[in-house]
file query.cif (mmCIF, C-alpha atoms)
data_query
#
loop_
_atom_site.label_atom_id
_atom_site.label_comp_id
_atom_site.auth_asym_id
_atom_site.auth_seq_id
_atom_site.Cartn_x
_atom_site.Cartn_y
_atom_site.Cartn_z
CA MET A 1 113.74 90.05 81.79
CA PRO A 2 111.60 91.98 84.32
CA VAL A 3 109.98 89.95 87.11
CA LEU A 4 106.31 90.47 87.93
CA HIS A 5 105.70 89.57 91.57
CA GLN A 6 102.05 88.60 91.50
CA MET A 7 99.04 86.58 92.60
CA GLN A 8 97.30 84.82 89.75
CA GLU A 9 93.78 85.43 91.16
CA SER A 10 94.28 89.18 91.66
CA GLY A 11 92.60 91.50 89.17
CA ASN A 12 95.30 94.10 89.86
CA CYS A 13 97.95 91.58 88.75
CA TYR A 14 95.83 90.47 85.79
CA LYS A 15 95.81 94.03 84.45
CA VAL A 16 99.61 94.00 84.30
CA ARG A 17 99.76 90.58 82.62
CA LEU A 18 97.19 91.72 80.05
CA VAL A 19 99.06 94.93 79.15
CA ALA A 20 102.40 93.12 78.95
CA ARG A 21 100.88 90.45 76.72
CA GLN A 22 99.15 92.93 74.42
CA LEU A 23 102.35 94.98 74.07
CA GLY A 24 104.58 91.92 73.59
CA ILE A 25 106.68 92.71 76.68
CA PRO A 26 108.02 89.46 78.18
CA VAL A 27 108.01 89.20 81.96
CA THR A 28 108.79 86.37 84.37
CA LEU A 29 105.98 85.65 86.82
CA ARG A 30 106.85 85.06 90.47
CA ASN A 31 103.77 83.79 92.26
CA TYR A 32 102.57 84.49 95.79
CA GLY A 33 99.59 82.92 97.57
CA LEU A 34 96.48 84.84 98.59
CA HIS A 35 96.68 83.58 102.17
CA ASP A 36 100.30 82.58 102.85
CA GLY A 37 101.60 85.94 104.11
CA THR A 38 104.57 85.90 101.72
CA THR A 39 104.07 89.56 100.76
CA ARG A 40 104.64 90.54 104.41
CA THR A 41 108.05 88.85 104.87
CA PRO A 42 111.11 91.07 105.49
CA ALA A 43 112.50 90.02 102.08
CA PHE A 44 109.36 91.17 100.28
CA LEU A 45 108.94 94.33 102.38
CA ALA A 46 112.48 95.31 101.36
CA LYS A 47 111.20 95.36 97.77
CA ASN A 48 107.85 97.02 98.60
CA PRO A 49 107.41 98.54 102.07
CA ASN A 50 103.66 98.64 101.41
CA GLY A 51 103.61 94.80 101.25
CA ARG A 52 101.47 94.40 98.14
CA VAL A 53 101.49 92.84 94.70
CA PRO A 54 101.71 93.46 91.81
CA LEU A 55 105.31 94.62 92.00
CA LEU A 56 107.43 94.97 88.87
CA GLU A 57 111.16 94.33 89.40
CA LEU A 58 113.51 95.42 86.62
CA GLU A 59 116.71 93.56 85.75
CA ASP A 60 118.78 96.24 87.52
CA GLY A 61 116.83 95.75 90.76
CA ARG A 62 114.58 98.83 90.61
CA THR A 63 111.07 98.05 91.83
CA LEU A 64 107.70 99.60 90.98
CA PRO A 65 104.50 98.84 92.95
CA GLU A 66 100.91 100.01 92.26
CA SER A 67 99.16 98.25 89.38
CA ASP A 68 98.12 101.38 87.52
CA ALA A 69 101.60 102.96 87.77
CA ILE A 70 103.00 99.72 86.27
CA LEU A 71 100.43 99.93 83.46
CA TRP A 72 101.53 103.49 82.69
CA TYR A 73 105.22 102.53 82.81
CA LEU A 74 104.80 99.58 80.46
CA ALA A 75 102.47 101.32 78.02
CA GLU A 76 103.78 104.90 77.84
CA GLY A 77 104.50 105.73 74.20
CA SER A 78 102.34 102.85 72.90
CA ALA A 79 98.84 102.93 71.41
CA LEU A 80 97.49 101.94 74.85
CA VAL A 81 98.19 105.45 76.25
CA PRO A 82 96.38 108.34 74.53
CA ALA A 83 98.69 110.48 72.42
CA ASP A 84 97.18 113.82 73.47
CA ARG A 85 97.29 115.61 76.79
CA TRP A 86 93.53 115.59 77.41
CA GLY A 87 93.30 111.88 76.57
CA ARG A 88 96.09 111.09 79.04
CA ALA A 89 94.25 113.09 81.71
CA GLU A 90 91.06 111.13 80.96
CA ALA A 91 92.97 107.84 81.25
CA LEU A 92 94.37 108.84 84.64
CA GLN A 93 90.94 110.11 85.74
CA TRP A 94 89.45 106.65 85.23
CA MET A 95 92.45 104.85 86.70
CA PHE A 96 92.21 106.94 89.90
CA PHE A 97 88.43 106.36 89.90
CA GLU A 98 89.14 102.64 89.65
CA GLN A 99 91.49 102.57 92.62
CA TYR A 100 89.43 104.91 94.83
CA SER A 101 85.76 104.31 94.01
CA HIS A 102 85.67 100.83 92.41
CA GLU A 103 88.42 98.44 93.57
CA PRO A 104 87.90 98.97 97.34
CA TYR A 105 84.33 97.66 96.95
CA VAL A 106 84.12 95.49 93.81
CA ALA A 107 87.48 93.75 94.35
CA VAL A 108 87.19 93.57 98.12
CA ALA A 109 83.73 91.97 97.92
CA ARG A 110 85.13 89.41 95.45
CA PHE A 111 88.09 88.61 97.70
CA TRP A 112 85.98 88.03 100.79
CA LEU A 113 83.05 86.28 99.13
CA ALA A 114 85.00 84.13 96.65
CA PHE A 115 88.42 83.53 98.18
CA ALA A 116 88.45 84.08 101.96
CA PRO A 117 88.13 81.18 104.41
CA LYS A 118 84.54 81.02 105.69
CA GLU A 119 85.46 81.77 109.32
CA ARG A 120 87.26 84.96 108.27
CA LEU A 121 84.36 86.01 106.03
CA ASP A 122 82.03 85.80 109.02
CA GLU A 123 83.98 88.66 110.67
CA LYS A 124 83.43 90.80 107.58
CA ARG A 125 79.90 89.85 106.56
CA HIS A 126 78.36 92.98 108.11
CA LEU A 127 80.37 95.04 105.57
CA VAL A 128 78.93 93.31 102.48
CA PRO A 129 75.92 95.68 102.09
CA GLU A 130 78.22 98.73 102.06
CA TRP A 131 80.59 97.06 99.56
CA HIS A 132 77.62 96.31 97.32
CA ALA A 133 76.14 99.81 97.63
CA ARG A 134 79.41 101.56 96.82
CA GLY A 135 80.43 99.03 94.18
CA ASN A 136 77.08 99.43 92.45
CA ALA A 137 77.51 103.21 92.59
CA ALA A 138 80.84 102.81 90.76
CA LEU A 139 79.29 100.47 88.17
CA GLY A 140 76.53 103.06 87.70
CA VAL A 141 79.10 105.79 87.00
CA MET A 142 80.69 103.48 84.38
CA GLU A 143 77.27 102.72 82.87
CA THR A 144 76.52 106.46 82.55
CA HIS A 145 79.81 107.01 80.72
CA LEU A 146 79.49 103.94 78.48
CA ARG A 147 75.99 104.85 77.29
CA ARG A 148 77.64 107.63 75.30
CA HIS A 149 81.20 106.38 74.73
CA ASP A 150 82.74 103.13 73.51
CA TRP A 151 85.90 103.56 75.61
CA PHE A 152 86.97 105.41 78.73
CA ALA A 153 89.74 107.70 77.47
CA GLY A 154 90.94 109.31 74.27
CA GLY A 155 88.22 107.73 72.11
CA ALA A 156 90.05 104.39 71.86
CA TYR A 157 90.90 101.23 73.82
CA SER A 158 93.56 102.15 76.41
CA ILE A 159 95.06 101.22 79.76
CA ALA A 160 92.05 102.94 81.37
CA ASP A 161 89.81 100.21 79.91
CA ILE A 162 92.23 97.52 81.07
CA ALA A 163 92.41 99.04 84.58
CA LEU A 164 88.61 98.93 84.88
CA TYR A 165 88.24 95.55 83.15
CA GLY A 166 90.46 93.83 85.75
CA TYR A 167 87.79 93.62 88.44
CA THR A 168 84.63 94.53 86.50
CA HIS A 169 84.67 91.40 84.33
CA CYS A 170 84.65 89.16 87.42
CA ALA A 171 82.38 91.33 89.59
CA ALA A 172 79.81 88.51 89.76
CA ASP A 173 82.31 86.67 92.01
CA GLY A 174 81.64 89.40 94.57
CA GLY A 175 77.86 89.17 94.26
CA PHE A 176 77.31 91.98 91.76
CA ASP A 177 74.65 91.60 89.05
CA LEU A 178 76.21 92.89 85.83
CA GLY A 179 72.89 92.30 84.04
CA ALA A 180 71.79 95.62 85.53
CA TYR A 181 74.49 97.42 83.48
CA PRO A 182 73.96 96.66 79.77
CA ALA A 183 76.40 99.30 78.50
CA VAL A 184 79.05 97.88 80.83
CA GLY A 185 78.29 94.40 79.48
CA ALA A 186 78.74 95.53 75.87
CA TRP A 187 82.02 97.25 76.78
CA LEU A 188 83.28 94.08 78.51
CA ARG A 189 82.68 92.22 75.24
CA ARG A 190 84.52 94.90 73.24
CA VAL A 191 87.53 94.66 75.58
CA ALA A 192 87.59 90.84 75.39
CA ALA A 193 87.54 91.07 71.56
CA GLN A 194 90.75 93.14 71.38
CA PRO A 195 93.73 91.51 69.63
CA GLY A 196 95.96 89.64 72.06
CA HIS A 197 93.36 89.57 74.84
CA VAL A 198 93.94 86.84 77.44
CA PRO A 199 91.67 85.78 80.29
CA LEU A 200 92.52 86.13 83.98
CA GLU A 201 93.41 82.45 84.17
CA ALA A 202 96.17 82.67 81.54
CA THR A 203 99.71 82.46 82.88
CA TRP A 204 102.51 83.21 80.44
CA MET B 205 89.74 130.81 82.53
CA PRO B 206 89.23 127.24 83.86
CA VAL B 207 86.88 126.85 86.83
CA LEU B 208 87.94 124.71 89.79
CA HIS B 209 84.85 123.35 91.52
CA GLN B 210 86.12 122.86 95.06
CA MET B 211 85.77 122.80 98.82
CA GLN B 212 88.26 125.04 100.58
CA GLU B 213 88.82 122.60 103.49
CA SER B 214 89.50 119.57 101.24
CA GLY B 215 93.11 118.44 100.94
CA ASN B 216 92.31 117.00 97.50
CA CYS B 217 91.21 120.48 96.36
CA TYR B 218 94.19 122.13 98.08
CA LYS B 219 96.57 119.99 95.98
CA VAL B 220 95.06 121.44 92.80
CA ARG B 221 95.19 125.04 94.09
CA LEU B 222 98.84 124.56 95.11
CA VAL B 223 99.91 123.17 91.71
CA ALA B 224 98.01 125.87 89.82
CA ARG B 225 99.59 128.59 91.99
CA GLN B 226 103.11 127.19 91.66
CA LEU B 227 102.76 126.90 87.88
CA GLY B 228 101.13 130.31 87.49
CA ILE B 229 97.94 128.87 85.97
CA PRO B 230 94.98 131.11 86.86
CA VAL B 231 91.73 129.38 87.78
CA THR B 232 88.41 130.64 89.08
CA LEU B 233 87.31 128.95 92.32
CA ARG B 234 83.68 127.87 92.65
CA ASN B 235 83.06 126.85 96.23
CA TYR B 236 80.87 124.06 97.62
CA GLY B 237 80.13 123.35 101.28
CA LEU B 238 81.26 120.21 103.11
CA HIS B 239 77.76 119.44 104.34
CA ASP B 240 75.31 121.16 101.98
CA GLY B 241 74.88 118.36 99.43
CA THR B 242 75.57 120.66 96.48
CA THR B 243 77.88 118.08 94.81
CA ARG B 244 74.91 115.67 94.58
CA THR B 245 72.51 117.95 92.72
CA PRO B 246 71.47 117.00 89.16
CA ALA B 247 73.35 120.03 87.82
CA PHE B 248 76.59 118.95 89.47
CA LEU B 249 76.13 115.25 88.64
CA ALA B 250 75.81 116.25 84.98
CA LYS B 251 79.37 117.58 85.27
CA ASN B 252 80.71 114.69 87.38
CA PRO B 253 78.54 111.56 87.70
CA ASN B 254 80.73 110.50 90.65
CA GLY B 255 79.52 113.56 92.60
CA ARG B 256 82.88 114.73 93.95
CA VAL B 257 85.19 117.71 94.01
CA PRO B 258 87.73 118.77 92.90
CA LEU B 259 86.44 119.04 89.36
CA LEU B 260 88.26 121.12 86.74
CA GLU B 261 86.02 122.66 84.07
CA LEU B 262 87.70 124.07 80.99
CA GLU B 263 86.42 127.10 79.10
CA ASP B 264 85.00 124.83 76.36
CA GLY B 265 82.96 122.86 78.91
CA ARG B 266 85.13 119.74 79.17
CA THR B 267 85.34 118.47 82.75
CA LEU B 268 88.02 116.51 84.59
CA PRO B 269 87.49 114.97 88.05
CA GLU B 270 90.01 113.12 90.30
CA SER B 271 92.52 115.36 92.05
CA ASP B 272 95.63 113.49 90.94
CA ALA B 273 94.49 113.37 87.28
CA ILE B 274 93.99 117.16 87.46
CA LEU B 275 97.51 117.53 88.91
CA TRP B 276 98.93 115.53 86.00
CA TYR B 277 96.92 117.53 83.45
CA LEU B 278 98.02 120.89 84.82
CA ALA B 279 101.66 119.95 85.36
CA GLU B 280 102.51 117.71 82.39
CA GLY B 281 105.53 119.17 80.61
CA SER B 282 106.52 121.33 83.61
CA ALA B 283 109.28 120.79 86.18
CA LEU B 284 106.65 119.33 88.53
CA VAL B 285 106.41 116.10 86.43
CA PRO B 286 109.65 114.10 86.10
CA ALA B 287 111.18 114.32 82.63
CA ASP B 288 112.12 110.62 82.41
CA ARG B 289 109.92 107.56 82.09
CA TRP B 290 111.01 105.93 85.36
CA GLY B 291 110.51 109.18 87.28
CA ARG B 292 106.99 109.53 85.88
CA ALA B 293 106.26 105.94 86.95
CA GLU B 294 107.53 106.73 90.46
CA ALA B 295 105.33 109.84 90.61
CA LEU B 296 102.26 107.81 89.65
CA GLN B 297 103.24 105.03 92.07
CA TRP B 298 103.08 107.48 94.99
CA MET B 299 99.95 109.19 93.71
CA PHE B 300 98.12 105.85 93.51
CA PHE B 301 99.53 104.95 96.95
CA GLU B 302 98.13 108.24 98.22
CA GLN B 303 94.63 107.60 96.90
CA TYR B 304 94.48 103.91 97.90
CA SER B 305 96.52 103.52 101.11
CA HIS B 306 96.67 107.04 102.62
CA GLU B 307 93.69 109.27 101.78
CA PRO B 308 90.95 106.76 102.75
CA TYR B 309 92.33 106.72 106.33
CA VAL B 310 94.28 109.96 106.94
CA ALA B 311 91.78 112.22 105.13
CA VAL B 312 88.70 110.33 106.26
CA ALA B 313 89.78 110.47 109.95
CA ARG B 314 90.34 114.23 109.56
CA PHE B 315 86.93 114.75 107.96
CA TRP B 316 85.05 112.89 110.67
CA LEU B 317 87.06 114.07 113.67
CA ALA B 318 87.55 117.70 112.62
CA PHE B 319 84.59 118.60 110.39
CA ALA B 320 81.62 116.25 110.89
CA PRO B 321 78.69 117.14 113.16
CA LYS B 322 79.11 115.33 116.49
CA GLU B 323 75.97 113.22 116.11
CA ARG B 324 77.19 111.90 112.75
CA LEU B 325 80.66 111.19 114.15
CA ASP B 326 79.11 109.01 116.84
CA GLU B 327 77.91 106.61 114.12
CA LYS B 328 81.46 106.32 112.81
CA ARG B 329 83.48 106.36 116.02
CA HIS B 330 83.96 102.57 116.03
CA LEU B 331 85.94 102.95 112.77
CA VAL B 332 88.51 105.39 114.21
CA PRO B 333 90.95 102.67 115.41
CA GLU B 334 91.10 101.11 111.93
CA TRP B 335 91.56 104.53 110.27
CA HIS B 336 94.42 105.23 112.68
CA ALA B 337 96.03 101.80 112.17
CA ARG B 338 95.92 102.00 108.38
CA GLY B 339 96.80 105.69 108.27
CA ASN B 340 99.81 105.08 110.52
CA ALA B 341 100.84 102.20 108.24
CA ALA B 342 100.82 104.62 105.29
CA LEU B 343 102.79 107.24 107.23
CA GLY B 344 105.27 104.46 108.10
CA VAL B 345 105.74 103.61 104.41
CA MET B 346 106.40 107.30 103.72
CA GLU B 347 108.87 107.48 106.65
CA THR B 348 110.78 104.45 105.29
CA HIS B 349 111.09 106.13 101.88
CA LEU B 350 112.00 109.57 103.25
CA ARG B 351 114.81 108.23 105.46
CA ARG B 352 116.74 107.67 102.23
CA HIS B 353 115.27 110.19 99.78
CA ASP B 354 114.47 113.89 99.93
CA TRP B 355 111.53 113.59 97.50
CA PHE B 356 109.11 110.92 96.32
CA ALA B 357 109.80 110.73 92.58
CA GLY B 358 112.52 111.54 90.10
CA GLY B 359 114.91 112.94 92.71
CA ALA B 360 113.17 116.32 92.84
CA TYR B 361 110.06 118.09 94.16
CA SER B 362 107.09 116.98 92.02
CA ILE B 363 103.33 116.52 91.93
CA ALA B 364 103.88 113.28 93.91
CA ASP B 365 105.09 115.38 96.87
CA ILE B 366 102.14 117.75 96.46
CA ALA B 367 99.68 114.82 96.29
CA LEU B 368 101.01 113.41 99.57
CA TYR B 369 101.41 116.82 101.24
CA GLY B 370 97.70 117.60 100.81
CA TYR B 371 96.51 115.46 103.71
CA THR B 372 99.80 114.63 105.48
CA HIS B 373 100.49 118.20 106.58
CA CYS B 374 97.14 118.35 108.39
CA ALA B 375 97.06 114.74 109.63
CA ALA B 376 97.02 115.95 113.26
CA ASP B 377 93.44 117.15 112.60
CA GLY B 378 92.56 113.45 112.29
CA GLY B 379 94.34 112.45 115.49
CA PHE B 380 97.66 111.36 113.97
CA ASP B 381 100.91 112.11 115.83
CA LEU B 382 103.38 113.29 113.20
CA GLY B 383 106.08 113.50 115.88
CA ALA B 384 106.48 109.75 115.41
CA TYR B 385 107.67 110.35 111.81
CA PRO B 386 110.72 112.64 111.86
CA ALA B 387 111.67 112.09 108.22
CA VAL B 388 108.09 112.95 107.22
CA GLY B 389 108.31 116.08 109.35
CA ALA B 390 111.53 117.20 107.65
CA TRP B 391 109.97 116.56 104.22
CA LEU B 392 106.87 118.61 105.15
CA ARG B 393 109.20 121.53 105.93
CA ARG B 394 111.02 121.09 102.59
CA VAL B 395 107.71 121.15 100.70
CA ALA B 396 106.50 124.25 102.58
CA ALA B 397 109.79 126.01 101.70
CA GLN B 398 109.30 125.61 97.93
CA PRO B 399 108.92 128.84 95.90
CA GLY B 400 105.28 129.84 95.52
CA HIS B 401 104.03 127.56 98.30
CA VAL B 402 100.67 128.56 99.76
CA PRO B 403 98.89 127.13 102.80
CA LEU B 404 95.58 125.27 102.67
CA GLU B 405 93.75 128.36 103.89
CA ALA B 406 94.85 130.50 100.91
CA THR B 407 92.14 131.25 98.36
CA TRP B 408 93.28 132.92 95.13
#

call {"tool": "encode", "arguments": {"input": "query.cif", "output": "C-alpha cells"}}
result
Amino acid sequence: MPVLHQMQESGNCYKVRLVARQLGIPVTLRNYGLHDGTTRTPAFLAKNPNGRVPLLELEDGRTLPESDAILWYLAEGSALVPADRWGRAEALQWMFFEQYSHEPYVAVARFWLAFAPKERLDEKRHLVPEWHARGNAALGVMETHLRRHDWFAGGAYSIADIALYGYTHCAADGGFDLGAYPAVGAWLRRVAAQPGHVPLEATW
Amino acid sequence: MPVLHQMQESGNCYKVRLVARQLGIPVTLRNYGLHDGTTRTPAFLAKNPNGRVPLLELEDGRTLPESDAILWYLAEGSALVPADRWGRAEALQWMFFEQYSHEPYVAVARFWLAFAPKERLDEKRHLVPEWHARGNAALGVMETHLRRHDWFAGGAYSIADIALYGYTHCAADGGFDLGAYPAVGAWLRRVAAQPGHVPLEATW
C-alpha cells in the first residue's frame, strides 16, 4: 500500500487524503509534526530533497512530492480529471493558480495566525497585511469565476476544485472573511456535498 | 492562429514561446510592457481576472492563463510530455516545484534587480537576502536531482525541463552564481542544444 507522508493540519495533505478517499485508493498515513523539524532530517531529505510534505511513497520506493502532482497521479483516468484536453488545461490552470497566487497567502496566513507559536508570529506580524491583500485578491479571482460557473474545470467537480478547497474552506483560520465571497461560499457547500467527502480532521 | 499575450523579457512567457517553436505551433505574439500597467486594464482583466501574462487566446476566444498549464495544453500528446503515468506525474512535480519554490525567488530577484526602476528597488532591497537564500535552496534541489539524472521527468527532455530552464538560465540577472551548481550548468547546456531551441530574445 502506498504511504502518504503527511501533516494532518496541512491543507496540502488534506487534498491528497480527500482524493484518495473519493477514489477508493487506500494509503497508509505517516504523520509528521508542524513544528518538530522531522521533514528536514537526512532520512526525510533522502526521500524529498525539498523537505516538504505531502510526499507519496509507492511500494517500490518511488517518491512523489508536490500536492497537486500527487492529485494528478492518483486521479488521472478517473472522473476527477476532465476527459478532454481543454478541460485538463483548465484544471492545471487553477491548480497552478492555487499554488502561486492563493496558497502562499491564504495558507501561510493560516499557518502563522492559527498554528505558529506566538513568539515566532511576532517576527512575521508585519507581513499579515500583505498576506491578506494578496489572499483576498485570489479569493476575488475565484469569486469572479464562480459567479458564472459551478466548478473550476471541465464543467464538473474535479481535482481543481479539491486543490482550491484545501485551504479556501479554512481561510477564516488565517483571518479571511469568506462572507465577502458568496459565490465561493456556495461552491464550498457544493464541494462538501460530494459523495465520499471527508473533512480535514478525518484520518483514515 | 492563437494569440500569446506576453512580455518578451518574462521567463514565464519565454517557456511558452520555446515550446510552441519546438512543436511547430504558430502563434501571434501580442506584447505588453513590464511597467506600463496594460495587464491591469479592464479589457485585459476580462480575459484574465488574475491580470497576468502569459495568456493564450484561442481563435474561438477561449483563454488560458498560467504558463505551465499552457505548456501542458500545447504539448500534451507530443514527445515533450512523458508517455507514461509516472513520467507525467514527475513532470508536474517539477513544474509545481518551479512555480512554488523557484520562480517566486529566482524570477522575482531578476525582475527587481535587472528590470525595476531604481527607486522602486530601494523599497524591496531588504528582501534580496531572503530571495537569494530561497532561490539558492531551489537551485540546490535541482543540483541534487541533476547529479544523478540528465532530465527532470520521464528520462527525457520534456516540458518540465523547459519550465525550469525559463528562469534558471538567466538566474545571474538576479544575482545568483550558477558556477556553484555544475550539474545545473551541464543541464542548461543540454537544454540549449536541443533541436529547435531559441533564446529568450527570439521573437517569432

call {"tool": "resolve_selection", "arguments": {"input": "query.cif", "expression": "the PyMOL selection byres ((chain A) within 7 of (chain B))", "output": "ChimeraX atom specification"}}
result
/A:49-50,65-66,69,72-73,85,89,92-93,96-97,99-100,141

call {"tool": "resolve_selection", "arguments": {"input": "query.cif", "expression": "the PyMOL selection byres ((chain A and resi 80) around 7)", "output": "list of chain:residue names"}}
result
A:Ala75, A:Ser78, A:Ala79, A:Val81, A:Pro82, A:Tyr157, A:Ser158, A:Ile159

call {"tool": "closest_residue", "arguments": {"input": "query.cif", "among": "B:Asp288, B:Asp264, B:Gln226, B:His306", "to": "Val395 of chain B", "atoms": "all atoms listed in the file"}}
result
B:Gln226

call {"tool": "closest_residue", "arguments": {"input": "query.cif", "among": "B:His336, B:His209, B:Arg314, B:Lys219", "to": "Gly237 of chain B", "atoms": "all atoms listed in the file"}}
result
B:His209

call {"tool": "residues_around", "arguments": {"input": "query.cif", "residues": "Gly400 of chain B", "least_positions_apart": "5", "cutoff": "12 Å", "atoms": "only C-alpha atoms", "output": "count of residues only"}}
result
10

call {"tool": "atom_distance", "arguments": {"input": "query.cif", "atom1": "atom CA of Gly174 of chain A", "atom2": "atom CA of Ala109 of chain A"}}
result
4.7 Å

call {"tool": "resolve_selection", "arguments": {"input": "query.cif", "expression": "the PyMOL selection byres ((chain B and resi 405) around 10)", "output": "list in words"}}
result
Gln212, Glu213, Tyr218, Val402, Pro403, Leu404, Ala406, Thr407 and Trp408 of chain B

call {"tool": "closest_residue", "arguments": {"input": "query.cif", "among": "B:Glu347, B:Asp326, B:Leu262, B:Gly358", "to": "Trp391 of chain B", "atoms": "all atoms listed in the file"}}
result
B:Glu347

call {"tool": "atom_distance", "arguments": {"input": "query.cif", "atom1": "atom CA of Phe356 of chain B", "atom2": "atom CA of Ala390 of chain B"}}
result
13.2 Å

call {"tool": "residues_around", "arguments": {"input": "query.cif", "residues": "Pro129 of chain A", "least_positions_apart": "2", "cutoff": "12 Å", "atoms": "all atoms listed in the file", "output": "PyMOL selection string"}}
result
chain A and resi 105-106+109+124-127+131-136+174-176

call {"tool": "atom_distance", "arguments": {"input": "query.cif", "atom1": "atom CA of Phe44 of chain A", "atom2": "atom CA of Asn12 of chain A"}}
result
17.7 Å

call {"tool": "residues_near_point", "arguments": {"input": "query.cif", "point": "(89.9, 116.9, 117.1)", "cutoff": "6 Å", "atoms": "only C-alpha atoms", "output": "VMD selection string"}}
result
chain B and resid 317 to 318 377

call {"tool": "build_atoms", "arguments": {"input": "query.cif", "residues": "segment 255-273 of chain B", "atoms": "N, CA and C atoms", "output": "mmCIF file, in the frame of the given file"}}
result
data_model
loop_
_atom_site.group_PDB
_atom_site.id
_atom_site.type_symbol
_atom_site.label_atom_id
_atom_site.label_comp_id
_atom_site.auth_asym_id
_atom_site.auth_seq_id
_atom_site.Cartn_x
_atom_site.Cartn_y
_atom_site.Cartn_z
ATOM 1 N N GLY B 255 79.982 112.665 91.532
ATOM 2 C CA GLY B 255 79.520 113.560 92.600
ATOM 3 C C GLY B 255 80.598 114.024 93.561
ATOM 4 N N ARG B 256 81.781 114.343 93.057
ATOM 5 C CA ARG B 256 82.880 114.730 93.950
ATOM 6 C C ARG B 256 83.595 115.963 93.421
ATOM 7 N N VAL B 257 84.216 116.680 94.363
ATOM 8 C CA VAL B 257 85.190 117.710 94.010
ATOM 9 C C VAL B 257 86.548 117.221 94.480
ATOM 10 N N PRO B 258 87.651 117.718 93.905
ATOM 11 C CA PRO B 258 87.730 118.770 92.900
ATOM 12 C C PRO B 258 87.264 118.292 91.524
ATOM 13 N N LEU B 259 86.798 119.273 90.754
ATOM 14 C CA LEU B 259 86.440 119.040 89.360
ATOM 15 C C LEU B 259 86.946 120.261 88.582
ATOM 16 N N LEU B 260 87.760 120.010 87.573
ATOM 17 C CA LEU B 260 88.260 121.120 86.740
ATOM 18 C C LEU B 260 87.366 121.233 85.512
ATOM 19 N N GLU B 261 86.865 122.430 85.247
ATOM 20 C CA GLU B 261 86.020 122.660 84.070
ATOM 21 C C GLU B 261 86.715 123.654 83.150
ATOM 22 N N LEU B 262 87.018 123.202 81.944
ATOM 23 C CA LEU B 262 87.700 124.070 80.990
ATOM 24 C C LEU B 262 86.722 125.066 80.375
ATOM 25 N N GLU B 263 87.272 126.065 79.682
ATOM 26 C CA GLU B 263 86.420 127.100 79.100
ATOM 27 C C GLU B 263 85.467 126.532 78.050
ATOM 28 N N ASP B 264 85.865 125.428 77.390
ATOM 29 C CA ASP B 264 85.000 124.830 76.360
ATOM 30 C C ASP B 264 84.007 123.826 76.955
ATOM 31 N N GLY B 265 83.951 123.718 78.278
ATOM 32 C CA GLY B 265 82.960 122.860 78.910
ATOM 33 C C GLY B 265 83.445 121.463 79.270
ATOM 34 N N ARG B 266 84.620 121.059 78.777
ATOM 35 C CA ARG B 266 85.130 119.740 79.170
ATOM 36 C C ARG B 266 85.417 119.726 80.667
ATOM 37 N N THR B 267 85.174 118.567 81.297
ATOM 38 C CA THR B 267 85.340 118.470 82.750
ATOM 39 C C THR B 267 86.266 117.320 83.100
ATOM 40 N N LEU B 268 87.061 117.515 84.144
ATOM 41 C CA LEU B 268 88.020 116.510 84.590
ATOM 42 C C LEU B 268 87.936 116.364 86.112
ATOM 43 N N PRO B 269 87.454 115.226 86.607
ATOM 44 C CA PRO B 269 87.490 114.970 88.050
ATOM 45 C C PRO B 269 88.763 114.211 88.441
ATOM 46 N N GLU B 270 88.873 113.871 89.720
ATOM 47 C CA GLU B 270 90.010 113.120 90.300
ATOM 48 C C GLU B 270 91.212 114.042 90.485
ATOM 49 N N SER B 271 91.473 114.376 91.729
ATOM 50 C CA SER B 271 92.520 115.360 92.050
ATOM 51 C C SER B 271 93.853 115.048 91.379
ATOM 52 N N ASP B 272 94.285 113.788 91.436
ATOM 53 C CA ASP B 272 95.630 113.490 90.940
ATOM 54 C C ASP B 272 95.682 113.484 89.408
ATOM 55 N N ALA B 273 94.548 113.227 88.746
ATOM 56 C CA ALA B 273 94.490 113.370 87.280
ATOM 57 C C ALA B 273 94.560 114.855 86.906
#
